[in-house]
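Undergrad: What follows is final_28.txt, compact mmCIF, C-alpha atoms.
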```txt
# COMPACT_ATOMS: atom_id res chain seq x y z
CA MET A 1 -47.64 330.72 -44.20
CA MET A 2 -45.77 328.18 -42.19
CA ASN A 3 -45.37 328.45 -38.45
CA CYS A 4 -42.27 327.97 -36.34
CA THR A 5 -42.83 324.32 -35.62
CA GLU A 6 -42.90 323.56 -39.30
CA TRP A 7 -39.81 325.67 -39.96
CA ARG A 8 -37.93 323.88 -37.19
CA ASP A 9 -37.67 320.80 -39.36
CA ARG A 10 -36.27 322.81 -42.23
CA ILE A 11 -33.58 324.82 -40.49
CA GLU A 12 -30.96 322.16 -41.18
CA ALA A 13 -31.90 322.06 -44.83
CA TYR A 14 -31.72 325.86 -44.90
CA VAL A 15 -28.26 325.96 -43.39
CA ASP A 16 -27.11 323.19 -45.74
CA ALA A 17 -28.45 325.28 -48.66
CA GLU A 18 -30.83 322.49 -49.56
CA LEU A 19 -34.15 324.32 -49.34
CA PRO A 20 -35.90 324.83 -52.66
CA PRO A 21 -35.65 328.48 -53.79
CA SER A 22 -39.30 329.22 -53.05
CA GLU A 23 -38.96 328.01 -49.46
CA MET A 24 -35.64 329.79 -49.12
CA ALA A 25 -37.29 333.17 -49.63
CA ALA A 26 -40.14 332.27 -47.30
CA PHE A 27 -37.68 331.11 -44.66
CA ARG A 28 -35.68 334.33 -44.91
CA ALA A 29 -38.90 336.28 -44.46
CA HIS A 30 -39.71 334.14 -41.44
CA ILE A 31 -36.41 334.65 -39.65
CA GLU A 32 -36.72 338.37 -40.04
CA GLN A 33 -39.79 338.10 -37.82
CA CYS A 34 -38.78 335.25 -35.58
CA THR A 35 -35.83 335.66 -33.22
CA ALA A 36 -35.97 332.06 -32.06
CA CYS A 37 -35.63 330.62 -35.56
CA ALA A 38 -32.98 333.21 -36.44
CA ALA A 39 -30.98 332.25 -33.36
CA SER A 40 -31.34 328.57 -34.24
CA ALA A 41 -30.16 329.13 -37.77
CA LEU A 42 -27.21 331.16 -36.53
CA ALA A 43 -26.19 328.52 -33.97
CA LEU A 44 -26.39 325.86 -36.61
CA MET A 45 -24.34 327.88 -39.09
CA GLN A 46 -21.68 328.42 -36.49
CA SER A 47 -21.70 324.72 -35.69
CA LYS A 48 -21.27 323.86 -39.31
CA GLN A 49 -18.39 326.27 -39.56
CA ALA A 50 -16.77 324.79 -36.44
CA ILE A 51 -17.15 321.27 -37.83
CA ARG A 52 -15.61 322.34 -41.12
CA ARG A 53 -12.59 323.76 -39.32
CA ALA A 54 -12.20 320.70 -37.14
CA GLY A 55 -12.80 318.27 -39.99
CA ASN A 56 -9.97 319.63 -42.10
CA ARG A 57 -7.42 317.91 -40.00
CA TYR A 58 -5.02 315.87 -42.09
CA THR A 59 -2.50 316.86 -44.72
CA ALA A 60 -0.89 314.33 -47.00
CA SER A 61 2.87 314.03 -47.32
CA ALA A 62 4.59 315.54 -50.34
CA GLU A 63 5.83 312.07 -51.17
CA LEU A 64 2.28 310.70 -51.41
CA ARG A 65 1.16 313.65 -53.47
CA ALA A 66 4.00 313.07 -55.91
CA ARG A 67 3.19 309.38 -56.16
CA ILE A 68 -0.52 309.97 -56.74
CA SER A 69 0.15 312.74 -59.18
CA SER A 70 2.27 310.44 -61.34
CA LEU A 71 -0.35 307.77 -61.04
CA ALA A 72 -3.06 310.17 -62.18
CA LYS A 73 -0.93 311.06 -65.18
CA GLY A 74 -0.99 307.41 -66.10
CA GLN A 75 2.74 306.99 -65.50
CA ASP A 76 4.20 303.74 -64.30
CA LEU A 77 4.17 303.66 -60.54
CA ALA A 78 7.60 302.13 -60.05
CA GLU A 79 9.16 304.81 -62.20
CA ALA A 80 7.31 307.47 -60.30
CA LYS A 81 8.58 306.18 -56.99
CA ALA A 82 12.19 306.27 -58.16
CA GLU A 83 11.88 309.90 -59.14
CA PRO A 84 10.12 312.02 -56.58
CA ALA A 85 10.52 315.20 -58.59
CA TYR A 86 7.50 317.08 -57.40
CA VAL A 87 7.79 318.53 -53.99
CA VAL A 88 5.49 321.43 -54.53
CA PRO A 89 1.81 320.58 -54.71
CA GLU A 90 1.33 319.56 -58.28
CA ARG A 91 -1.81 321.46 -59.09
CA HIS A 92 -0.23 324.77 -58.18
CA TRP A 93 2.26 324.75 -60.92
CA ALA A 94 1.47 321.92 -63.29
CA GLY A 95 0.78 324.64 -65.82
CA ILE A 96 4.11 326.33 -65.24
CA GLU A 97 5.94 323.07 -65.57
CA ARG A 98 4.20 322.20 -68.79
CA LEU A 99 5.09 325.60 -70.11
CA PHE A 100 8.77 325.20 -69.39
CA SER A 101 9.31 321.50 -69.89
CA GLY A 102 11.51 320.86 -72.86
CA MET A 103 12.86 324.37 -72.66
CA TRP A 104 14.78 324.13 -69.46
CA PRO A 105 17.26 321.55 -68.30
CA ARG A 106 16.33 319.51 -65.29
CA TRP A 107 18.64 321.33 -62.86
CA ALA A 108 17.00 324.60 -63.77
CA MET A 109 13.61 323.07 -63.15
CA ALA A 110 14.90 321.97 -59.75
CA ALA A 111 16.05 325.51 -59.00
CA VAL A 112 12.66 326.85 -59.96
CA ALA A 113 11.11 324.19 -57.78
CA LEU A 114 13.16 325.30 -54.78
CA LEU A 115 12.21 328.91 -55.30
CA LEU A 116 8.63 327.92 -55.58
CA ILE A 117 8.82 325.85 -52.43
CA ALA A 118 10.00 328.95 -50.61
CA GLY A 119 7.06 330.78 -52.03
CA GLY A 120 4.98 327.67 -51.86
CA LEU A 121 3.21 328.54 -48.68
CA PHE A 122 2.32 331.84 -50.22
CA LEU A 123 1.28 330.41 -53.57
CA GLY A 124 -0.26 327.62 -51.59
CA ASN A 125 -3.46 326.77 -50.93
CA ARG A 126 -6.19 327.92 -53.16
CA ARG A 127 -8.29 325.65 -51.08
CA GLN A 128 -7.41 327.47 -47.91
CA GLU A 129 -8.40 330.70 -49.60
CA SER A 130 -11.79 329.43 -50.55
CA LYS A 131 -12.26 328.18 -47.00
CA THR A 132 -11.37 331.60 -45.68
CA LEU A 133 -13.85 333.06 -48.09
CA ALA A 134 -16.43 330.60 -46.83
CA GLU A 135 -15.75 331.60 -43.24
CA PHE A 136 -16.16 335.28 -43.96
CA ALA A 137 -19.24 334.54 -46.02
CA ASP A 138 -20.65 332.65 -43.03
CA LEU A 139 -19.91 335.56 -40.69
CA HIS A 140 -21.47 337.95 -43.17
CA VAL A 141 -24.60 335.85 -43.69
CA ALA A 142 -24.94 334.95 -40.03
CA ALA A 143 -24.87 338.62 -39.07
CA LEU A 144 -27.47 339.54 -41.66
CA ALA A 145 -29.65 336.61 -40.62
CA SER A 146 -29.48 337.50 -36.96
CA ALA A 147 -32.19 339.51 -35.29
CA ASN A 148 -29.67 342.23 -34.48
CA PRO A 149 -27.20 342.44 -37.34
CA VAL A 150 -25.46 345.44 -35.81
CA GLU A 151 -24.87 346.33 -32.19
CA VAL A 152 -24.17 349.97 -32.83
CA ILE A 153 -26.67 351.33 -35.28
CA SER A 154 -25.44 354.50 -36.83
CA THR A 155 -24.71 355.95 -40.21
CA ASP A 156 -22.20 358.30 -38.62
CA ARG A 157 -18.61 357.16 -38.65
CA HIS A 158 -17.90 359.43 -35.68
CA THR A 159 -20.35 357.38 -33.62
CA VAL A 160 -19.36 353.97 -34.89
CA LYS A 161 -15.62 354.32 -34.47
CA PRO A 162 -15.60 355.30 -30.76
CA TRP A 163 -18.10 352.53 -30.01
CA PHE A 164 -15.37 349.99 -30.74
CA GLN A 165 -13.01 351.51 -28.17
CA GLY A 166 -12.51 349.03 -25.36
CA ARG A 167 -14.25 346.34 -27.36
CA ILE A 168 -11.41 345.56 -29.72
CA PRO A 169 -7.67 345.85 -29.08
CA PHE A 170 -6.88 348.32 -31.89
CA THR A 171 -8.24 351.41 -33.62
CA PHE A 172 -8.91 352.16 -37.24
CA ASP A 173 -10.19 355.00 -39.38
CA LEU A 174 -13.34 355.10 -41.43
CA PRO A 175 -13.66 356.96 -44.71
CA GLU A 176 -15.88 359.92 -45.42
CA LEU A 177 -18.79 358.40 -47.29
CA GLN A 178 -20.49 361.54 -48.40
CA GLY A 179 -20.46 361.66 -52.18
CA SER A 180 -19.83 357.92 -52.38
CA PRO A 181 -22.54 355.38 -53.23
CA PHE A 182 -22.01 353.62 -49.90
CA ALA A 183 -23.84 354.10 -46.63
CA LEU A 184 -22.65 352.86 -43.25
CA LEU A 185 -25.34 350.97 -41.33
CA GLY A 186 -23.47 350.14 -38.18
CA GLY A 187 -21.03 347.76 -36.57
CA ARG A 188 -20.53 344.85 -34.23
CA VAL A 189 -17.73 342.80 -32.78
CA ALA A 190 -17.06 339.55 -34.60
CA TYR A 191 -14.52 336.81 -34.05
CA PHE A 192 -12.44 335.29 -36.79
CA GLN A 193 -10.38 332.34 -35.61
CA GLN A 194 -10.53 333.61 -32.02
CA GLU A 195 -9.28 337.04 -33.07
CA PRO A 196 -11.61 339.95 -32.27
CA ALA A 197 -12.59 341.89 -35.34
CA ALA A 198 -14.52 345.06 -36.06
CA HIS A 199 -17.38 344.06 -38.32
CA LEU A 200 -18.91 346.98 -40.22
CA ILE A 201 -21.93 346.71 -42.45
CA PHE A 202 -22.28 349.01 -45.44
CA ARG A 203 -25.11 349.35 -47.87
CA TYR A 204 -24.74 349.79 -51.59
CA GLN A 205 -28.10 350.10 -53.33
CA ARG A 206 -29.81 346.91 -52.19
CA HIS A 207 -26.65 345.04 -51.35
CA LEU A 208 -25.20 344.71 -47.89
CA ILE A 209 -21.45 344.51 -47.68
CA SER A 210 -19.43 343.46 -44.65
CA VAL A 211 -16.02 344.85 -43.77
CA PHE A 212 -13.91 342.99 -41.22
CA ILE A 213 -10.90 344.61 -39.63
CA PHE A 214 -8.61 342.73 -37.28
CA ARG A 215 -5.01 342.55 -36.17
CA ASP A 216 -2.50 341.06 -38.54
CA ALA A 217 -1.83 337.99 -36.41
CA SER A 218 0.43 335.69 -38.34
CA GLN A 219 -1.39 332.54 -37.30
CA ILE A 220 -4.43 333.62 -39.24
CA ALA A 221 -4.56 332.02 -42.64
CA LEU A 222 -5.78 334.63 -45.07
CA PRO A 223 -5.46 335.20 -48.73
CA THR A 224 -2.39 337.42 -48.96
CA SER A 225 -3.64 339.13 -52.05
CA SER A 226 -7.07 339.92 -53.25
CA ILE A 227 -9.03 337.05 -54.62
CA ALA A 228 -12.32 336.84 -56.37
CA GLU A 229 -14.16 333.63 -55.91
CA GLN A 230 -16.09 332.52 -58.92
CA THR A 231 -17.80 329.53 -57.40
CA SER A 232 -19.63 331.52 -54.76
CA SER A 233 -22.02 334.39 -55.05
CA PHE A 234 -19.76 336.44 -52.77
CA ARG A 235 -16.83 338.62 -53.75
CA LEU A 236 -13.98 339.22 -51.39
CA ARG A 237 -11.10 341.67 -51.24
CA ALA A 238 -8.46 341.35 -48.57
CA TRP A 239 -5.35 343.31 -47.79
CA THR A 240 -3.02 344.26 -44.96
CA GLN A 241 -2.35 347.83 -44.04
CA GLY A 242 -0.78 349.42 -40.97
CA GLY A 243 -0.63 346.09 -39.14
CA LEU A 244 -4.32 345.47 -39.70
CA ARG A 245 -6.07 343.03 -41.96
CA TYR A 246 -9.02 344.21 -43.98
CA VAL A 247 -11.59 341.96 -45.57
CA VAL A 248 -14.45 343.28 -47.67
CA ILE A 249 -17.13 340.77 -48.62
CA GLY A 250 -20.59 340.92 -50.13
CA ASP A 251 -22.77 339.83 -52.97
CA ALA A 252 -22.34 343.06 -54.92
CA SER A 253 -20.31 343.11 -58.13
CA ALA A 254 -16.54 342.74 -58.01
CA GLY A 255 -16.23 346.37 -59.13
CA THR A 256 -18.34 347.61 -56.23
CA ILE A 257 -16.40 345.56 -53.69
CA GLN A 258 -13.19 346.94 -55.15
CA GLN A 259 -14.54 350.48 -54.94
CA LEU A 260 -15.32 350.14 -51.25
CA ALA A 261 -11.94 348.51 -50.67
CA ASP A 262 -10.20 351.44 -52.40
CA LEU A 263 -12.18 353.89 -50.33
CA LEU A 264 -11.17 352.21 -47.08
CA ARG A 265 -7.60 351.88 -48.17
CA SER A 266 -7.35 355.57 -48.99
CA THR A 267 -8.38 356.50 -45.45
CA GLN A 268 -5.61 354.79 -43.57
CA MET B 1 -18.24 319.23 -61.16
CA THR B 2 -18.95 317.51 -64.41
CA ALA B 3 -16.70 316.17 -67.11
CA GLU B 4 -16.49 314.78 -70.56
CA LYS B 5 -15.31 311.27 -71.09
CA GLY B 6 -11.70 311.21 -71.93
CA THR B 7 -8.11 310.29 -71.44
CA GLY B 8 -5.58 310.23 -68.64
CA GLY B 9 -4.89 313.95 -69.00
CA ASP B 10 -8.50 314.79 -68.27
CA PHE B 11 -8.46 312.41 -65.36
CA GLU B 12 -5.45 314.08 -63.81
CA GLN B 13 -6.98 317.52 -64.17
CA LEU B 14 -10.21 316.42 -62.58
CA ALA B 15 -8.82 314.17 -59.92
CA MET B 16 -5.75 315.96 -58.53
CA PRO B 17 -7.71 318.93 -57.14
CA LEU B 18 -9.58 316.38 -55.02
CA PHE B 19 -6.41 314.85 -53.63
CA ASP B 20 -6.35 316.86 -50.37
CA SER B 21 -10.00 316.22 -49.59
CA LEU B 22 -9.78 312.54 -50.43
CA TYR B 23 -6.74 312.11 -48.22
CA ASN B 24 -8.36 313.96 -45.33
CA PHE B 25 -11.47 311.81 -45.67
CA ALA B 26 -9.37 308.64 -45.91
CA ARG B 27 -7.58 309.50 -42.66
CA TRP B 28 -10.87 310.04 -40.88
CA LEU B 29 -12.14 306.67 -42.14
CA THR B 30 -9.03 304.61 -41.46
CA ARG B 31 -7.61 306.56 -38.51
CA ASP B 32 -4.19 305.49 -39.70
CA GLN B 33 -1.67 307.27 -41.86
CA SER B 34 -0.26 304.40 -43.85
CA GLU B 35 -3.66 302.82 -44.36
CA ALA B 36 -5.00 306.16 -45.55
CA GLU B 37 -2.11 306.48 -48.00
CA ASP B 38 -2.77 303.01 -49.39
CA LEU B 39 -6.45 303.77 -49.61
CA VAL B 40 -5.93 306.98 -51.57
CA GLN B 41 -3.49 305.28 -53.91
CA GLU B 42 -5.85 302.39 -54.55
CA THR B 43 -8.71 304.82 -55.11
CA PHE B 44 -6.79 306.77 -57.75
CA ALA B 45 -5.66 303.55 -59.44
CA LYS B 46 -9.21 302.20 -59.56
CA ALA B 47 -10.66 305.49 -60.69
CA LEU B 48 -8.12 305.84 -63.50
CA ARG B 49 -8.85 302.31 -64.70
CA GLY B 50 -12.59 302.91 -64.50
CA PHE B 51 -12.55 306.47 -65.82
CA SER B 52 -14.24 305.46 -69.07
CA SER B 53 -17.22 304.26 -67.05
CA PHE B 54 -17.65 307.64 -65.41
CA THR B 55 -20.90 309.17 -66.66
CA PRO B 56 -20.37 312.67 -68.02
CA GLY B 57 -22.77 315.15 -66.50
CA THR B 58 -22.73 313.45 -63.10
CA ASP B 59 -20.69 314.66 -60.17
CA PHE B 60 -17.07 313.61 -60.47
CA ARG B 61 -16.27 314.36 -56.86
CA ALA B 62 -19.10 312.12 -55.65
CA TRP B 63 -17.82 309.43 -58.00
CA MET B 64 -14.30 309.61 -56.53
CA PHE B 65 -15.50 309.66 -52.94
CA ARG B 66 -17.73 306.70 -53.68
CA ILE B 67 -14.82 304.70 -55.01
CA LEU B 68 -12.73 305.62 -51.99
CA ARG B 69 -15.41 304.63 -49.55
CA ASN B 70 -16.24 301.37 -51.31
CA THR B 71 -12.55 300.53 -51.39
CA PHE B 72 -12.35 301.27 -47.70
CA LEU B 73 -15.33 299.03 -46.93
CA THR B 74 -13.63 296.07 -48.57
CA SER B 75 -10.38 296.65 -46.66
CA ARG B 76 -9.66 294.87 -43.41
CA THR B 77 -10.38 297.90 -41.25
CA GLY B 78 -13.44 298.66 -43.28
CA LEU B 79 -14.84 295.17 -42.94
CA ARG B 80 -14.33 295.29 -39.22
CA ALA B 81 -16.13 298.61 -39.00
CA LYS B 82 -18.96 297.25 -41.09
CA LEU B 83 -19.36 294.10 -39.03
CA THR B 84 -19.62 296.10 -35.86
CA GLN B 85 -21.80 298.76 -37.37
CA SER B 86 -24.12 300.45 -34.99
CA LEU B 87 -27.43 298.76 -34.42
CA GLU B 88 -28.87 302.05 -33.36
CA GLU B 89 -29.68 303.19 -36.83
CA ASP B 90 -33.13 301.62 -36.95
CA GLU B 91 -34.11 303.42 -33.82
CA ALA B 92 -32.56 306.61 -35.03
CA GLU B 93 -34.33 306.61 -38.35
CA GLY B 94 -37.70 306.41 -36.70
CA GLU B 95 -36.93 309.05 -34.14
CA ALA B 96 -38.16 312.56 -34.70
CA VAL B 97 -35.09 314.58 -35.56
CA ALA B 98 -36.62 318.00 -34.99
CA VAL B 99 -34.24 319.92 -32.85
CA THR B 100 -34.60 322.93 -30.68
CA TRP B 101 -31.52 324.71 -31.76
CA GLU B 102 -31.09 327.43 -29.25
CA THR B 103 -30.44 324.98 -26.42
CA PRO B 104 -27.13 325.38 -24.59
CA GLU B 105 -26.08 322.19 -26.36
CA SER B 106 -26.06 323.85 -29.74
CA PHE B 107 -23.89 326.68 -28.46
CA ALA B 108 -21.55 324.14 -26.94
CA LEU B 109 -20.97 322.91 -30.45
CA ALA B 110 -20.68 326.33 -32.02
CA SER B 111 -18.11 327.45 -29.48
CA ALA B 112 -16.21 324.18 -29.05
CA THR B 113 -12.48 324.27 -29.57
CA ARG B 114 -11.05 322.55 -32.59
CA ASP B 115 -9.46 319.86 -30.40
CA ALA B 116 -12.67 319.11 -28.54
CA LEU B 117 -14.60 318.91 -31.75
CA GLN B 118 -12.04 316.64 -33.36
CA ALA B 119 -12.20 314.33 -30.36
CA ALA B 120 -16.00 314.32 -30.58
CA LEU B 121 -15.85 313.55 -34.31
CA ASP B 122 -13.42 310.74 -33.62
CA GLN B 123 -15.83 309.21 -31.17
CA LEU B 124 -18.82 309.32 -33.46
CA PRO B 125 -19.90 305.96 -34.86
CA ALA B 126 -18.41 305.63 -38.34
CA GLU B 127 -21.65 306.01 -40.29
CA TYR B 128 -22.34 309.34 -38.61
CA ARG B 129 -18.79 310.57 -38.87
CA GLU B 130 -18.64 310.04 -42.61
CA VAL B 131 -21.97 311.73 -43.31
CA VAL B 132 -21.17 314.83 -41.29
CA LEU B 133 -17.73 315.11 -42.90
CA LEU B 134 -19.21 314.94 -46.38
CA CYS B 135 -21.88 317.47 -45.53
CA ASP B 136 -20.01 320.02 -43.43
CA VAL B 137 -16.38 319.63 -44.46
CA GLU B 138 -16.76 318.71 -48.13
CA GLU B 139 -20.01 320.68 -48.40
CA MET B 140 -21.57 318.12 -50.68
CA LYS B 141 -25.20 318.29 -51.65
CA TYR B 142 -27.51 315.73 -50.05
CA LYS B 143 -27.99 314.02 -53.39
CA ASP B 144 -24.24 313.61 -53.88
CA ILE B 145 -23.83 312.28 -50.35
CA ALA B 146 -26.59 309.78 -51.13
CA GLU B 147 -24.57 308.78 -54.20
CA VAL B 148 -21.32 308.38 -52.25
CA LEU B 149 -22.88 306.31 -49.49
CA SER B 150 -25.41 304.43 -51.67
CA ILE B 151 -28.31 305.34 -49.41
CA PRO B 152 -31.57 307.25 -50.02
CA ILE B 153 -31.62 311.03 -49.54
CA GLY B 154 -34.06 310.70 -46.64
CA THR B 155 -31.52 308.56 -44.82
CA VAL B 156 -28.81 311.14 -45.56
CA MET B 157 -30.91 313.83 -43.93
CA SER B 158 -31.80 311.84 -40.86
CA ARG B 159 -28.21 310.69 -40.42
CA ILE B 160 -26.89 314.24 -40.66
CA ALA B 161 -29.40 315.45 -38.11
CA ARG B 162 -28.55 312.57 -35.83
CA ALA B 163 -24.81 313.05 -36.27
CA ARG B 164 -25.07 316.70 -35.29
CA LYS B 165 -27.23 315.80 -32.34
CA LEU B 166 -24.68 313.26 -31.13
CA LEU B 167 -21.90 315.84 -31.51
CA ARG B 168 -23.86 318.41 -29.54
CA GLN B 169 -24.61 315.94 -26.79
CA SER B 170 -21.05 314.77 -26.69
CA LEU B 171 -19.68 318.32 -26.37
CA ALA B 172 -22.30 319.47 -23.93
CA GLY B 173 -21.73 316.36 -21.85
CA GLU B 174 -17.96 316.68 -21.87
CA ARG B 175 -17.68 317.33 -18.17
CA THR B 176 -20.30 314.82 -17.12
CA GLY B 177 -19.02 312.08 -19.39
CA MET B 178 -20.24 310.89 -22.75
CA PRO B 179 -23.89 309.99 -23.13
CA ALA B 180 -24.32 306.30 -23.82
CA SER B 181 -25.73 306.93 -27.26
CA ALA B 182 -22.53 308.58 -28.46
CA ARG B 183 -20.15 305.88 -27.30
CA ARG B 184 -17.88 304.61 -29.98
CA LEU B 185 -19.38 301.41 -31.30
CA ASP B 186 -16.72 300.19 -33.62
CA GLU B 187 -14.10 299.54 -31.01
```
Starting from the file, lay out its structure as structure tokens.
TA:
Amino acid sequence: MMNCTEWRDRIEAYVDAELPPSEMAAFRAHIEQCTACAASALALMQSKQAIRRAGNRYTASAELRARISSLAKGQDLAEAKAEPAYVVPERHWAGIERLFSGMWPRWAMAAVALLLIAGGLFLGNRRQESKTLAEFADLHVAALASANPVEVISTDRHTVKPWFQGRIPFTFDLPELQGSPFALLGGRVAYFQQEPAAHLIFRYQRHLISVFIFRDASQIALPTSSIAEQTSSFRLRAWTQGGLRYVVIGDASAGTIQQLADLLRSTQ
Amino acid sequence: MTAEKGTGGDFEQLAMPLFDSLYNFARWLTRDQSEAEDLVQETFAKALRGFSSFTPGTDFRAWMFRILRNTFLTSRTGLRAKLTQSLEEDEAEGEAVAVTWETPESFALASATRDALQAALDQLPAEYREVVLLCDVEEMKYKDIAEVLSIPIGTVMSRIARARKLLRQSLAGERTGMPASARRLDE
């Protein structure tokens, strides 16, 4: 059994997901007991998240993307420069283009391109989506790792809902859980990109699932439809309803996450 | 990410998804838009030419970042940065990096605004800036960072710890001025 001093040196490795699996479990067990280490891990996770946000600072011009894309295809660079045909990020519709090339005349391709540019921001950024996922995953994990995952501990939706009054600038409804496989554990106030959010924690068998509800502020970059991230162990469902954004995230199966999402959606 | 050896088509499919990250990283290294654009273009050209030497089963992203960084180091700006590289490293490596995380400093970092944090990142000595970007922004594994920077994993870990410490100090010391240790050394 390692003591705090020894764990201190490993907190960074823990937060960077670099601890060997055996130590990972031991560390998790330790932070359940030790508020100081839990607080340290949380502060470090939040720092990491803040650095990630700040570090994603620069976006390349469409012109550069087009040039590099042609280069990567092995096309002659001079030719590529003379013909900046790709205005929409290549990777988002390289497949579509391949599908249609040869079938459509160039002007039709251009028309499709324009339409896609309009929708481009929407289609856009897979990468942004996975970052959003990462941010919610961080919030989810940080809450579970903290000594007090919930500020209002109650399985009763009629206790949890009023608790948020005066703490967040909106109200929402919670579903009747009786007869469902989900149990409400409690709630807390979280912040996503400076926007206050109701953070509810549900249990499904041995999985904990977080639900975030916040105002549909347009400056918040969110997946506009539901996405399932394969590269992470977390599943996420997001939607907008009644001017509020809902995000359900957890390590349960995609079907379970969907089920909870449907349940919440049916309440509003 | 791993890949089979192959042709230009494979290269495009592997490399284009990294375009945004590579460009962002290039801007942080060069601090200049047109230099960053040249750097990314040269990186893709070199990588395409050398694609057959990429070892399948190894990390393609680390391979690309390594090419970008090595290309940067041989550029004019890169050489200048290298020549004026911080002499602090030797001290830093020996220093105990254990950190008490719940100090007000660490919360200063966690709650810093994006602008303040970007300014603090900008002021970090280059070798700390790059390591923290690879770790926290690109979320690379220590072993891949070691590969990109051609340094041992132990050095990766101590540099990351030191980089975060400098950031914390810089943000906590915002009102009282930068601590001497975090002063920009390459200008």
Undergrad: Near B:Thr30, counting all atoms listed in the file, which residues have an atom at most 10 Å away, once you skip same-chain residues fewer than 2 positions from it, shown as a PDB file with C-alpha atoms, in the coordinates of the input?
TA:
```
ATOM      1  CA  PHE B  25     -11.470 311.810 -45.670  1.00  0.00           C
ATOM      2  CA  ALA B  26      -9.370 308.640 -45.910  1.00  0.00           C
ATOM      3  CA  ARG B  27      -7.580 309.500 -42.660  1.00  0.00           C
ATOM      4  CA  TRP B  28     -10.870 310.040 -40.880  1.00  0.00           C
ATOM      5  CA  ASP B  32      -4.190 305.490 -39.700  1.00  0.00           C
ATOM      6  CA  GLN B  33      -1.670 307.270 -41.860  1.00  0.00           C
ATOM      7  CA  SER B  34      -0.260 304.400 -43.850  1.00  0.00           C
ATOM      8  CA  GLU B  35      -3.660 302.820 -44.360  1.00  0.00           C
ATOM      9  CA  ALA B  36      -5.000 306.160 -45.550  1.00  0.00           C
ATOM     10  CA  GLU B  37      -2.110 306.480 -48.000  1.00  0.00           C
ATOM     11  CA  LEU B  39      -6.450 303.770 -49.610  1.00  0.00           C
ATOM     12  CA  PHE B  72     -12.350 301.270 -47.700  1.00  0.00           C
ATOM     13  CA  SER B  75     -10.380 296.650 -46.660  1.00  0.00           C
ATOM     14  CA  ARG B  76      -9.660 294.870 -43.410  1.00  0.00           C
ATOM     15  CA  THR B  77     -10.380 297.900 -41.250  1.00  0.00           C
ATOM     16  CA  GLY B  78     -13.440 298.660 -43.280  1.00  0.00           C
ATOM     17  CA  ALA B  81     -16.130 298.610 -39.000  1.00  0.00           C
ATOM     18  CA  ALA B 126     -18.410 305.630 -38.340  1.00  0.00           C
TER      19      ALA B 126
END
```
Undergrad: Assuming 3 Å of padding per side, give the centre and edge lengths of the axis-aligned box around every listed atom of stretch 138-141 of chain B, in Å to one decimal and as JSON.
TA:
```
{"center_x": -21.0, "center_y": 319.4, "center_z": -49.9, "size_x": 14.4, "size_y": 8.6, "size_z": 9.5}
```
Undergrad: Just to confirm, what's the straight-line distance from atom CA of A:Leu264 to atom CA of A:Pro175 in Å (one decimal)?
TA: 5.9 Å
Undergrad: Please, what distance in Å, to one decimal, runs between atom CA of B:Glu130 and atom CA of B:Leu149?
TA: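 Distance between the two atoms: 8.9 Å.
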Undergrad: Atom CA of A:Ala261 to atom CA of A:Gln165: how many Å, to one decimal?
TA: 22.7 Å
Undergrad: Using all atoms listed in the file, find the one residue out of B:Ser150, B:Gln169, B:Val131, B:Arg162 that sits nearest to B:Leu29.
TA: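 That would be B:Val131, the residue with the smallest distance to B:Leu29.
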Undergrad: Mind checking which residues fall within 10 Å of A:Thr171, counting all atoms listed in the file, ignoring those fewer than 2 positions away in the same chain, and posting them as a tab-separated table (two decimals) with C-alpha atoms, in the coordinates of the input?
TA:
```tsv
chain	number	residue	atom	x	y	z
A	161	LYS	CA	-15.62	354.32	-34.47
A	162	PRO	CA	-15.60	355.30	-30.76
A	164	PHE	CA	-15.37	349.99	-30.74
A	165	GLN	CA	-13.01	351.51	-28.17
A	166	GLY	CA	-12.51	349.03	-25.36
A	168	ILE	CA	-11.41	345.56	-29.72
A	169	PRO	CA	-7.67	345.85	-29.08
A	173	ASP	CA	-10.19	355.00	-39.38
A	198	ALA	CA	-14.52	345.06	-36.06
A	213	ILE	CA	-10.90	344.61	-39.63
A	214	PHE	CA	-8.61	342.73	-37.28
A	215	ARG	CA	-5.01	342.55	-36.17
A	244	LEU	CA	-4.32	345.47	-39.70
```
